[in-house]
Amino acid sequence: MSVNSEDKVILLGHAHIDLAWLWTKDETIHLVSLGTFNYTLELMNNFPFLKFAQGSAQIYKWIEQHYPEVFRKISEKVKSGQWEVVGGTWSEFSPNLTGEETLVRQYLYGKLYFKEKFGVDVKIAWLPDSFGFPWTLPQILKKSGIDYFLTSKLNWQVERMKKPIPFPYHIFLWEAPDGSRVLSYFTPGGYNELIKKESIVSQLIRLKEKHGVNILLFLFGYGDHGGGPAKHMINEALRLQKTKDFPRVLFDSALFYFKELTSSIPKEKIETYRDELYLKTHRGTFTTESRIKKAIAALEEDLCNAEKLSTICCMLYDESYPKEEIKKAWESLLYITTHDIADGTSIQDVYDEIFLQEYPEVKKITNEAISKALSKMFSASREEVAREGSTIVVLNTLSWPISKIVSIPIETKELNLQVCNIDGKAVKTQIVNEGNGHSLVFLAEDLPSLGFKVFKVCHAKTFQDSKLKTGKWFLENEFFKVTIDPESGLILSIFDKKNNFEILDSTKRGNVLQLYEDIPPNAPRGEPAWNLYYGNKVELNKISSIEIASSGPLVATIRVTRKYESSTFVQEISLHEGLPMINFKVKVNWNEKYKTLKVSFPLSFVNDYATYGIQFGAIQRFRHDLEGSNMEIKLPRRRWEEADVAKFEVPAHRYTNVDNKDESYGVALIVKDKYGFSYEKNELKLTLLRSPRRGYPQQPEQWVDQSSDPTVGEHIISYSLYPHKGSWKTARVPNVAYEQTKDQIVFISEASLSLREKSFITILPSQLVLTTLKVSETNNDIIARVYNPYDEEVQAELMVPFEVKNVSEVDLLESGDFINKPLKVENGKIKFNMGSFEIKTIRFYI
């Protein structure tokens, strides 16, 4: 196939600018962005036909703050149509590692900024350099007023796979599990190309062969460290315009290109793709730099809690809502979730700066907002430790009732204490030595949905019987018996007493720490911080010590200590009375290089696929070790494909679940702020830590996550096994995963409270998840966001503690510009339908 003068090439200048990567943000602000934009503005004056695209509201805000005259000139070029604002996000973020609400806020704050500063409603999602995308992203885009999606990184899989398995499309309709679609363009080339005749021809031919499309969008300019279009590139384009029988060469915008596609191709002729966009490289980024991943998850949770509690105080206690402070905190978090930063592939200075600046700033804002709200709600000051007579308020920020193990610090001299309910009835309590002090641990049962329950600390006066049993070497509660091999400290058996079911493969051992060599063959080249190079595997089956660390009445724990070369591993295995869960903790003094640490659980049954939690939904993936399968997965509905062999490490949020083939039994592995999983043969694995060299050979030698670095220290990782009868859906695995990974808020006070318990918001059915409750960004209306974590339609009811007159479903931007549907209010209940994996944003007009 060839090209001819009937074909079109749309040239668009671009300068992919990493907000921080192999340099810190100051260099981005004062050198990279400033230099790129000044030069591009000069080129636009000399070549008025030149078009240039730039995303990331964060960059624009930096320029606005530091170089207002340059910002003014950019505004003029936006108005003239030469400068195209794309993306609609605060930063070009890491989609697989970003939490639900952070995904939404990228578009909320990004689009609001562009609308306010330039009067532009951005329509194109622009993530050329991100490392893969969750299946649910198109719903977020459509409900943010985004119609189009552009990416480039999927090219890399072709170059880096030992057996190339290319992504099948360059132009496609990407469909989320709820049915939302965006027209998508996967660039045949890169996102910062030189203008070369042969590159344009080869890319255009690829589009014609694959899709019958004779229009190419070609992004040109220098990038990563900025630069953008150059004069010699423009001159080459002008030469090509005069070349006989060459495609028509135009300088125009990405929006123009997408509209050309829409008008020239019937929608029914565009292939629909219903799945994640999995990048077949850079899998190590799911785990690299655990410190930043833990910080991102903690800050998102803190911000959502601050919003929920501040909104309740605003509505019920006439307290002002800290809108500007919370917005500032979100903007800092959105910067941290930039790809390369969240992915763990930046230099050490980037992370050191974040933990000195952005992280403490966000923590300060959220701590102050939460403390202020709690003091207002309970008309009391907050204490640091509990003592006899203290009031303990336990808050549940989830939207359904839960029972939760709670730990509160106590004064060391007061060890004869227990917790009672407000009537003085004893609650099962245990005093635990945390190493740096003692804590009072108790089971707070039936905490109300988005509400609180009050307890008291009293003198221990009753004998506490227990359903826990401990021995050498086993743990047992009313649900499970866990048997440990004293020689290796590994789990021999996890027996489900209620269902008469052995969970582990009897020929293997569970909770096995597996240490892999993980070094590129051409190290330090090969991008070790990005990529996995699994080599020899060592299973840590030798122990330094084993002990019963706790024997009830509430929690029983066996502790195992191991050493390997210069690293130490302390594993804890625990059962709690009243909870159908096996909990694990591993404390790692990690001083390895070019190693990756996993934990493995070999199951007594096998399936061809597993179910993984993702933001606002779930996805199923076939095992990567299969050479074929007769099964069909449902999420998305498809058969095994050759590309499934590439998914030997996959991203997930909160849980991975394997059910047996008849879905009569299953096991979920639940974890917070760890994202790399694998399922092969019958082994369910979680990746815990990596230790690659940072950056490239030309950078100074730096190693990731070393405990010898005082800014890193000991790694503490908690995870749980949730064995269950029935499938992942009937066992409510997504909800249980939320319960395990969301920390409760505890308020300790010396004051007595008249209230026993209270629920502020109730949502039925209880499987639905309230991700946010906040005051609108544009006025004082109240915003609630709910989603359905299951692939089934339900009728929902939402009850709030304030008078409701007018309520609407709106878009994720809270404006009602893209979605505005009035909802029914009957007897104080808002009723609405929730589709499969659907997100709904509800606006209460105040």
# chains A, B, ... in the order shown; residues from 1 in each chain; ligands from 1
$ select_by_dssp --residues "segment 145-219 of chain A" --states "strand (DSSP E or B)" --output "list of chain:residue names"
A:Tyr148, A:Phe149, A:Leu150, A:Thr151, A:Ile171, A:Phe172, A:Leu173, A:Trp174, A:Glu175, A:Arg181, A:Val182, A:Leu183, A:Ser184, A:Tyr185, A:Phe186, A:Glu193, A:Ile215, A:Leu216, A:Leu217, A:Phe218, A:Leu219
$ closest_atom_pairs --of "segment 330-373 of chain A" --to "segment 4-24 of chain A" --cutoff "6 Å" --atoms "only C-alpha atoms" --output "JSON lines"
{"residue": "A:Ser346", "atom": "CA", "partner": "A:Trp21", "partner_atom": "CA", "distance": 4.4}
{"residue": "A:Ile347", "atom": "CA", "partner": "A:Leu22", "partner_atom": "CA", "distance": 5.4}
{"residue": "A:Val350", "atom": "CA", "partner": "A:Thr24", "partner_atom": "CA", "distance": 5.3}
$ write_last_selection --atoms "all heavy atoms" --output "short mmCIF file (atom, residue, chain, number, x, y, z; two decimals), in the first residue's frame"
data_model
loop_
_atom_site.label_atom_id
_atom_site.label_comp_id
_atom_site.auth_asym_id
_atom_site.auth_seq_id
_atom_site.Cartn_x
_atom_site.Cartn_y
_atom_site.Cartn_z
N SER A 346 11.34 8.13 39.29
CA SER A 346 12.06 9.40 39.36
C SER A 346 13.32 9.26 40.22
O SER A 346 13.52 8.25 40.90
CB SER A 346 11.15 10.48 39.95
OG SER A 346 10.05 10.75 39.09
N ILE A 347 14.12 10.31 40.20
CA ILE A 347 15.35 10.29 41.01
C ILE A 347 15.01 10.54 42.49
O ILE A 347 13.92 11.04 42.83
CB ILE A 347 16.36 11.34 40.52
CG1 ILE A 347 15.74 12.76 40.55
CG2 ILE A 347 16.86 10.99 39.13
CD1 ILE A 347 16.75 13.86 40.26
N VAL A 350 13.51 13.94 43.83
CA VAL A 350 12.08 14.21 43.63
C VAL A 350 11.28 13.76 44.84
O VAL A 350 10.42 14.48 45.36
CB VAL A 350 11.58 13.51 42.35
CG1 VAL A 350 10.05 13.60 42.24
CG2 VAL A 350 12.23 14.12 41.11
#
$ residues_around --residues "segment 294-299 of chain A" --least-positions-apart "3" --cutoff "8 Å" --atoms "only C-alpha atoms" --output "PDB file with N, CA, C and O atoms, in the first residue's frame"
ATOM      1  N   GLY A  99      -6.041   6.261  42.904  1.00  0.00           N
ATOM      2  CA  GLY A  99      -7.295   5.844  43.528  1.00  0.00           C
ATOM      3  C   GLY A  99      -8.513   6.439  42.850  1.00  0.00           C
ATOM      4  O   GLY A  99      -8.420   7.366  42.033  1.00  0.00           O
ATOM      5  N   SER A 290       7.890   2.006  47.172  1.00  0.00           N
ATOM      6  CA  SER A 290       6.708   1.739  48.003  1.00  0.00           C
ATOM      7  C   SER A 290       6.352   2.931  48.880  1.00  0.00           C
ATOM      8  O   SER A 290       5.194   3.131  49.231  1.00  0.00           O
ATOM      9  N   ARG A 291       7.338   3.742  49.226  1.00  0.00           N
ATOM     10  CA  ARG A 291       7.093   4.879  50.104  1.00  0.00           C
ATOM     11  C   ARG A 291       6.102   5.861  49.474  1.00  0.00           C
ATOM     12  O   ARG A 291       5.174   6.333  50.136  1.00  0.00           O
ATOM     13  N   ASP A 302      -7.166  10.406  53.616  1.00  0.00           N
ATOM     14  CA  ASP A 302      -7.283  11.552  54.523  1.00  0.00           C
ATOM     15  C   ASP A 302      -8.139  12.660  53.918  1.00  0.00           C
ATOM     16  O   ASP A 302      -8.973  13.261  54.612  1.00  0.00           O
ATOM     17  N   LEU A 303      -7.934  12.951  52.649  1.00  0.00           N
ATOM     18  CA  LEU A 303      -8.691  14.019  52.009  1.00  0.00           C
ATOM     19  C   LEU A 303     -10.173  13.678  51.921  1.00  0.00           C
ATOM     20  O   LEU A 303     -11.029  14.537  52.181  1.00  0.00           O
ATOM     21  N   LEU A 333      -1.735  16.631  45.910  1.00  0.00           N
ATOM     22  CA  LEU A 333      -1.804  15.190  45.695  1.00  0.00           C
ATOM     23  C   LEU A 333      -1.826  14.862  44.205  1.00  0.00           C
ATOM     24  O   LEU A 333      -1.176  13.904  43.757  1.00  0.00           O
ATOM     25  N   ILE A 336       1.551  14.789  42.895  1.00  0.00           N
ATOM     26  CA  ILE A 336       2.302  13.594  43.306  1.00  0.00           C
ATOM     27  C   ILE A 336       1.919  12.378  42.475  1.00  0.00           C
ATOM     28  O   ILE A 336       2.730  11.471  42.262  1.00  0.00           O
ATOM     29  N   THR A 337       0.673  12.329  41.968  1.00  0.00           N
ATOM     30  CA  THR A 337       0.234  11.159  41.195  1.00  0.00           C
ATOM     31  C   THR A 337       0.657  11.227  39.731  1.00  0.00           C
ATOM     32  O   THR A 337       0.269  10.367  38.942  1.00  0.00           O
ATOM     33  N   ALA A 342       4.492   8.780  40.741  1.00  0.00           N
ATOM     34  CA  ALA A 342       3.751   7.677  41.356  1.00  0.00           C
ATOM     35  C   ALA A 342       4.314   6.324  40.943  1.00  0.00           C
ATOM     36  O   ALA A 342       4.284   5.359  41.712  1.00  0.00           O
ATOM     37  N   TYR A 359       3.856  16.422  50.866  1.00  0.00           N
ATOM     38  CA  TYR A 359       3.256  15.452  51.791  1.00  0.00           C
ATOM     39  C   TYR A 359       2.905  16.082  53.147  1.00  0.00           C
ATOM     40  O   TYR A 359       1.759  15.972  53.596  1.00  0.00           O
ATOM     41  N   VAL A 362      -0.145  18.539  52.828  1.00  0.00           N
ATOM     42  CA  VAL A 362      -1.462  17.895  52.727  1.00  0.00           C
ATOM     43  C   VAL A 362      -1.860  17.295  54.070  1.00  0.00           C
ATOM     44  O   VAL A 362      -3.020  17.410  54.500  1.00  0.00           O
ATOM     45  N   LYS A 363      -0.909  16.650  54.743  1.00  0.00           N
ATOM     46  CA  LYS A 363      -1.193  16.064  56.054  1.00  0.00           C
ATOM     47  C   LYS A 363      -1.680  17.130  57.040  1.00  0.00           C
ATOM     48  O   LYS A 363      -2.626  16.909  57.808  1.00  0.00           O
ATOM     49  N   LYS A 672      -3.565  -3.145  51.176  1.00  0.00           N
ATOM     50  CA  LYS A 672      -3.637  -1.697  50.995  1.00  0.00           C
ATOM     51  C   LYS A 672      -2.305  -1.196  50.450  1.00  0.00           C
ATOM     52  O   LYS A 672      -1.257  -1.622  50.884  1.00  0.00           O
ATOM     53  N   ASP A 673      -2.364  -0.301  49.497  1.00  0.00           N
ATOM     54  CA  ASP A 673      -1.250   0.412  48.872  1.00  0.00           C
ATOM     55  C   ASP A 673      -0.163  -0.484  48.272  1.00  0.00           C
ATOM     56  O   ASP A 673       0.991  -0.100  48.184  1.00  0.00           O
ATOM     57  N   LYS A 674      -0.536  -1.703  47.879  1.00  0.00           N
ATOM     58  CA  LYS A 674       0.312  -2.558  47.037  1.00  0.00           C
ATOM     59  C   LYS A 674      -0.508  -2.918  45.800  1.00  0.00           C
ATOM     60  O   LYS A 674      -1.691  -3.247  45.913  1.00  0.00           O
TER      61      LYS A 674
END
$ closest_residue --among "A:Arg72, A:Lys259, A:His282, A:Lys456" --to "Tyr148 of chain A" --atoms "only C-alpha atoms"
A:Lys259
$ residues_around --residues "segment 409-421 of chain A" --least-positions-apart "2" --cutoff "12 Å" --atoms "only C-alpha atoms" --output "PyMOL selection string"
chain A and resi 383-394+406-407+423-446+453-464+553-554+746-748+755-757
$ residues_around --residues "Asn367 of chain A" --least-positions-apart "3" --cutoff "12 Å" --atoms "only C-alpha atoms" --output "list in words"
Ala298, Leu299, Glu301, Asp302, Leu303, Cys304, Asn305, Ala306, Glu307, Leu309, Ser310, Glu325, Ile326, Ala329, Pro360, Glu361, Val362, Lys363, Lys364, Ile370, Ser371, Lys372, Ala373, Leu374, Arg382 and Ile745 of chain A
$ closest_residue --among "A:Thr366, A:Asn779, A:Asn500, A:Asn657" --to "Gly613 of chain A" --atoms "only C-alpha atoms"
A:Asn657
$ select_by_dssp --residues "segment 114-346 of chain A" --states "helix (DSSP H, G or I)" --output "ChimeraX atom specification"
/A:114-118,137-142,153-160,197-211,231-241,254-264,267-269,283-286,290-316,323-336
$ closest_residue --among "A:Val606, A:Ile312, A:Ile830, A:Leu398" --to "Glu683 of chain A" --atoms "only C-alpha atoms"
A:Val606
